[in-house]
Amino acid sequence: MSVTEEIRTALEKAFSPSELEVVDDSERHRGHAGYQEGGESHFNVRIRSGAFAGQSRIARHRAVHAALGPDLVGRIHALSLDIGE
Amino acid sequence: MTDAKTLIDETVKSNDVVLYMKGTKEMPQCGFSSRVAGVLNYMGVDYTDVNVLADDAIRQGIKDYSDWPTIPQLYVKGEFVGGCDIITEMTLSGELDTLFAENGVAFDKDAADKIREANA
């Protein structure tokens, strides 16, 4: 399973999102720190789920980090999150 | 607490605004750190920058301190505010202005408005 699919699977399971986009943005970071050949290092995630209702920005980000787990988070160089209800 | 955590705790509590980043505010070494430092620089905020690339113990220690896996990390009056995504959102929504105002941190309101106009 690709990292993109791992992220998608983990977030779908945790939040049953109404919208979910997982974009491998690695190519845009070619030559920057953390870039690796083949991509899968830099990701942009846009997620919308009722599960985030009433949560602060930090709580939302923490919930996503927790859903992905330390192993997956550790393998991703950069993760940009756009989280909403 | 470990030495690194003790040092971090002292740093964030004895300085009003602290940015843990890759590189320095004059020469950021990462696009995400650069974006947050750029906002603070442009808004004329007086802040302390800590280059995590200069110290592996701090680089790991700051992640443990806040239970937050990424850098940059912004602290105001000892409280963790967020990373690049959160600071960007708070800049554009005006929440960062409010946070600074409530904590007595001086900043250039006109500059903050210009950032919002440019990103409207």
# chains A, B, ... in the order shown; residues from 1 in each chain; ligands from 1
$ interface_residues --of "chain A" --to "chain B" --cutoff "9 Å" --atoms "only C-alpha atoms" --output "list in words"
His32, Ala33, Arg57, Ile58, His61, Arg62, His65, Pro70, Val73, Gly74, His77, Ala78, Leu79, Ser80, Leu81 and Asp82 of chain A
$ residues_around --residues "Glu21 of chain A" --least-positions-apart "4" --cutoff "8 Å" --atoms "only C-alpha atoms" --output "MDAnalysis selection string"
chainID A and resid 44:47
$ select_by_dssp --residues "segment 2-119 of chain B" --states "strand (DSSP E)" --output "PyMOL selection string"
chain B and resi 17-21+48-51+73-76+79-82
$ write_last_selection --atoms "C-alpha atoms" --output "compact mmCIF listing (two decimals), in the first residue's frame"
# COMPACT_ATOMS: atom_id res chain seq x y z
CA VAL B 17 7.17 34.91 21.74
CA VAL B 18 9.38 31.98 20.74
CA LEU B 19 9.59 30.24 17.38
CA TYR B 20 11.28 26.83 17.20
CA MET B 21 12.29 26.54 13.59
CA THR B 48 13.12 34.68 19.96
CA ASP B 49 14.09 32.16 17.30
CA VAL B 50 15.55 28.77 18.22
CA ASN B 51 17.24 26.84 15.44
CA GLN B 73 6.29 25.54 16.58
CA LEU B 74 5.19 28.92 17.90
CA TYR B 75 4.85 29.72 21.61
CA VAL B 76 3.28 32.83 23.12
CA GLU B 79 1.67 28.39 25.53
CA PHE B 80 2.01 26.35 22.35
CA VAL B 81 -0.01 28.06 19.61
CA GLY B 82 0.56 25.83 16.61
$ residues_around --residues "segment 38-46 of chain B" --least-positions-apart "6" --cutoff "7 Å" --atoms "only C-alpha atoms" --output "list in words"
Ala106, Phe107, Asp108, Ala111 and Ala112 of chain B
$ write_last_selection --atoms "N, CA and C atoms" --output "PDB file, in the first residue's frame"
ATOM      1  N   ALA B 106       3.490  43.406  21.022  1.00  0.00           N
ATOM      2  CA  ALA B 106       3.375  44.476  20.027  1.00  0.00           C
ATOM      3  C   ALA B 106       3.516  43.915  18.612  1.00  0.00           C
ATOM      4  N   PHE B 107       2.685  44.426  17.705  1.00  0.00           N
ATOM      5  CA  PHE B 107       2.794  44.028  16.302  1.00  0.00           C
ATOM      6  C   PHE B 107       2.208  45.126  15.431  1.00  0.00           C
ATOM      7  N   ASP B 108       2.561  45.102  14.160  1.00  0.00           N
ATOM      8  CA  ASP B 108       2.110  46.109  13.214  1.00  0.00           C
ATOM      9  C   ASP B 108       0.785  45.648  12.590  1.00  0.00           C
ATOM     10  N   ALA B 111       0.521  45.955   8.789  1.00  0.00           N
ATOM     11  CA  ALA B 111       1.238  44.894   8.071  1.00  0.00           C
ATOM     12  C   ALA B 111       0.402  43.621   8.043  1.00  0.00           C
ATOM     13  N   ALA B 112      -0.225  43.301   9.176  1.00  0.00           N
ATOM     14  CA  ALA B 112      -1.076  42.113   9.232  1.00  0.00           C
ATOM     15  C   ALA B 112      -2.239  42.244   8.245  1.00  0.00           C
TER      16      ALA B 112
END
$ select_by_dssp --residues "chain A" --states "alpha helix (DSSP H)" --output "PDB file with N, CA and C atoms, in the first residue's frame"
ATOM      1  N   VAL A   3       1.961   5.214   0.623  1.00  0.00           N
ATOM      2  CA  VAL A   3       1.770   6.086   1.785  1.00  0.00           C
ATOM      3  C   VAL A   3       0.470   6.875   1.619  1.00  0.00           C
ATOM      4  N   THR A   4       0.203   7.309   0.394  1.00  0.00           N
ATOM      5  CA  THR A   4      -1.044   8.041   0.129  1.00  0.00           C
ATOM      6  C   THR A   4      -2.250   7.208   0.551  1.00  0.00           C
ATOM      7  N   GLU A   5      -2.234   5.924   0.169  1.00  0.00           N
ATOM      8  CA  GLU A   5      -3.347   5.035   0.531  1.00  0.00           C
ATOM      9  C   GLU A   5      -3.397   4.783   2.024  1.00  0.00           C
ATOM     10  N   GLU A   6      -2.229   4.661   2.652  1.00  0.00           N
ATOM     11  CA  GLU A   6      -2.192   4.456   4.113  1.00  0.00           C
ATOM     12  C   GLU A   6      -2.842   5.640   4.831  1.00  0.00           C
ATOM     13  N   ILE A   7      -2.509   6.849   4.392  1.00  0.00           N
ATOM     14  CA  ILE A   7      -3.069   8.052   5.015  1.00  0.00           C
ATOM     15  C   ILE A   7      -4.586   8.052   4.828  1.00  0.00           C
ATOM     16  N   ARG A   8      -4.996   7.795   3.599  1.00  0.00           N
ATOM     17  CA  ARG A   8      -6.426   7.819   3.270  1.00  0.00           C
ATOM     18  C   ARG A   8      -7.202   6.784   4.105  1.00  0.00           C
ATOM     19  N   THR A   9      -6.666   5.600   4.164  1.00  0.00           N
ATOM     20  CA  THR A   9      -7.328   4.518   4.903  1.00  0.00           C
ATOM     21  C   THR A   9      -7.458   4.861   6.388  1.00  0.00           C
ATOM     22  N   ALA A  10      -6.371   5.378   6.968  1.00  0.00           N
ATOM     23  CA  ALA A  10      -6.386   5.694   8.404  1.00  0.00           C
ATOM     24  C   ALA A  10      -7.397   6.795   8.714  1.00  0.00           C
ATOM     25  N   LEU A  11      -7.460   7.797   7.839  1.00  0.00           N
ATOM     26  CA  LEU A  11      -8.351   8.929   8.107  1.00  0.00           C
ATOM     27  C   LEU A  11      -9.812   8.554   7.871  1.00  0.00           C
ATOM     28  N   GLU A  12     -10.057   7.727   6.869  1.00  0.00           N
ATOM     29  CA  GLU A  12     -11.441   7.285   6.625  1.00  0.00           C
ATOM     30  C   GLU A  12     -11.952   6.477   7.799  1.00  0.00           C
ATOM     31  N   LYS A  13     -11.086   5.625   8.327  1.00  0.00           N
ATOM     32  CA  LYS A  13     -11.467   4.762   9.439  1.00  0.00           C
ATOM     33  C   LYS A  13     -11.750   5.601  10.697  1.00  0.00           C
ATOM     34  N   ALA A  14     -10.914   6.609  10.938  1.00  0.00           N
ATOM     35  CA  ALA A  14     -11.019   7.370  12.189  1.00  0.00           C
ATOM     36  C   ALA A  14     -12.149   8.400  12.167  1.00  0.00           C
ATOM     37  N   PHE A  15     -12.393   9.012  11.008  1.00  0.00           N
ATOM     38  CA  PHE A  15     -13.268  10.195  11.001  1.00  0.00           C
ATOM     39  C   PHE A  15     -14.492  10.084  10.079  1.00  0.00           C
ATOM     40  N   ARG A  57      -8.240  24.228  16.925  1.00  0.00           N
ATOM     41  CA  ARG A  57      -7.339  23.878  15.818  1.00  0.00           C
ATOM     42  C   ARG A  57      -6.304  22.847  16.254  1.00  0.00           C
ATOM     43  N   ILE A  58      -5.722  23.097  17.435  1.00  0.00           N
ATOM     44  CA  ILE A  58      -4.685  22.181  17.905  1.00  0.00           C
ATOM     45  C   ILE A  58      -5.267  20.792  18.146  1.00  0.00           C
ATOM     46  N   ALA A  59      -6.455  20.727  18.729  1.00  0.00           N
ATOM     47  CA  ALA A  59      -7.087  19.427  19.001  1.00  0.00           C
ATOM     48  C   ALA A  59      -7.349  18.676  17.695  1.00  0.00           C
ATOM     49  N   ARG A  60      -7.774  19.389  16.665  1.00  0.00           N
ATOM     50  CA  ARG A  60      -8.035  18.753  15.367  1.00  0.00           C
ATOM     51  C   ARG A  60      -6.760  18.160  14.776  1.00  0.00           C
ATOM     52  N   HIS A  61      -5.706  18.959  14.830  1.00  0.00           N
ATOM     53  CA  HIS A  61      -4.431  18.463  14.296  1.00  0.00           C
ATOM     54  C   HIS A  61      -3.939  17.258  15.094  1.00  0.00           C
ATOM     55  N   ARG A  62      -4.080  17.354  16.435  1.00  0.00           N
ATOM     56  CA  ARG A  62      -3.638  16.234  17.275  1.00  0.00           C
ATOM     57  C   ARG A  62      -4.433  14.969  16.954  1.00  0.00           C
ATOM     58  N   ALA A  63      -5.738  15.136  16.698  1.00  0.00           N
ATOM     59  CA  ALA A  63      -6.585  13.977  16.383  1.00  0.00           C
ATOM     60  C   ALA A  63      -6.118  13.316  15.084  1.00  0.00           C
ATOM     61  N   VAL A  64      -5.751  14.129  14.097  1.00  0.00           N
ATOM     62  CA  VAL A  64      -5.261  13.578  12.833  1.00  0.00           C
ATOM     63  C   VAL A  64      -3.909  12.889  13.044  1.00  0.00           C
ATOM     64  N   HIS A  65      -3.023  13.538  13.785  1.00  0.00           N
ATOM     65  CA  HIS A  65      -1.720  12.903  14.074  1.00  0.00           C
ATOM     66  C   HIS A  65      -1.938  11.547  14.748  1.00  0.00           C
ATOM     67  N   ALA A  66      -2.864  11.517  15.717  1.00  0.00           N
ATOM     68  CA  ALA A  66      -3.115  10.281  16.477  1.00  0.00           C
ATOM     69  C   ALA A  66      -3.692   9.199  15.563  1.00  0.00           C
ATOM     70  N   ALA A  67      -4.582   9.595  14.653  1.00  0.00           N
ATOM     71  CA  ALA A  67      -5.201   8.621  13.756  1.00  0.00           C
ATOM     72  C   ALA A  67      -4.162   8.014  12.805  1.00  0.00           C
ATOM     73  N   LEU A  68      -3.214   8.828  12.378  1.00  0.00           N
ATOM     74  CA  LEU A  68      -2.171   8.325  11.476  1.00  0.00           C
ATOM     75  C   LEU A  68      -1.180   7.449  12.243  1.00  0.00           C
ATOM     76  N   GLY A  69      -0.941   7.804  13.491  1.00  0.00           N
ATOM     77  CA  GLY A  69      -0.012   7.022  14.316  1.00  0.00           C
ATOM     78  C   GLY A  69       1.419   7.474  14.138  1.00  0.00           C
ATOM     79  N   PRO A  70       2.243   7.261  15.168  1.00  0.00           N
ATOM     80  CA  PRO A  70       3.616   7.764  15.148  1.00  0.00           C
ATOM     81  C   PRO A  70       4.474   7.155  14.035  1.00  0.00           C
ATOM     82  N   ASP A  71       4.206   5.910  13.684  1.00  0.00           N
ATOM     83  CA  ASP A  71       5.022   5.270  12.644  1.00  0.00           C
ATOM     84  C   ASP A  71       4.838   5.965  11.293  1.00  0.00           C
ATOM     85  N   LEU A  72       3.574   6.154  10.924  1.00  0.00           N
ATOM     86  CA  LEU A  72       3.276   6.793   9.643  1.00  0.00           C
ATOM     87  C   LEU A  72       3.717   8.264   9.660  1.00  0.00           C
ATOM     88  N   VAL A  73       3.411   8.975  10.740  1.00  0.00           N
ATOM     89  CA  VAL A  73       3.816  10.375  10.855  1.00  0.00           C
ATOM     90  C   VAL A  73       5.341  10.481  10.751  1.00  0.00           C
ATOM     91  N   GLY A  74       6.032   9.516  11.353  1.00  0.00           N
ATOM     92  CA  GLY A  74       7.491   9.530  11.333  1.00  0.00           C
ATOM     93  C   GLY A  74       8.077   9.324   9.948  1.00  0.00           C
ATOM     94  N   ARG A  75       7.323   8.652   9.079  1.00  0.00           N
ATOM     95  CA  ARG A  75       7.833   8.383   7.726  1.00  0.00           C
ATOM     96  C   ARG A  75       7.549   9.525   6.760  1.00  0.00           C
TER      97      ARG A  75
END
$ atom_distance --atom1 "atom CA of Lys63 of chain B" --atom2 "atom CA of Lys5 of chain B"
9.9 Å
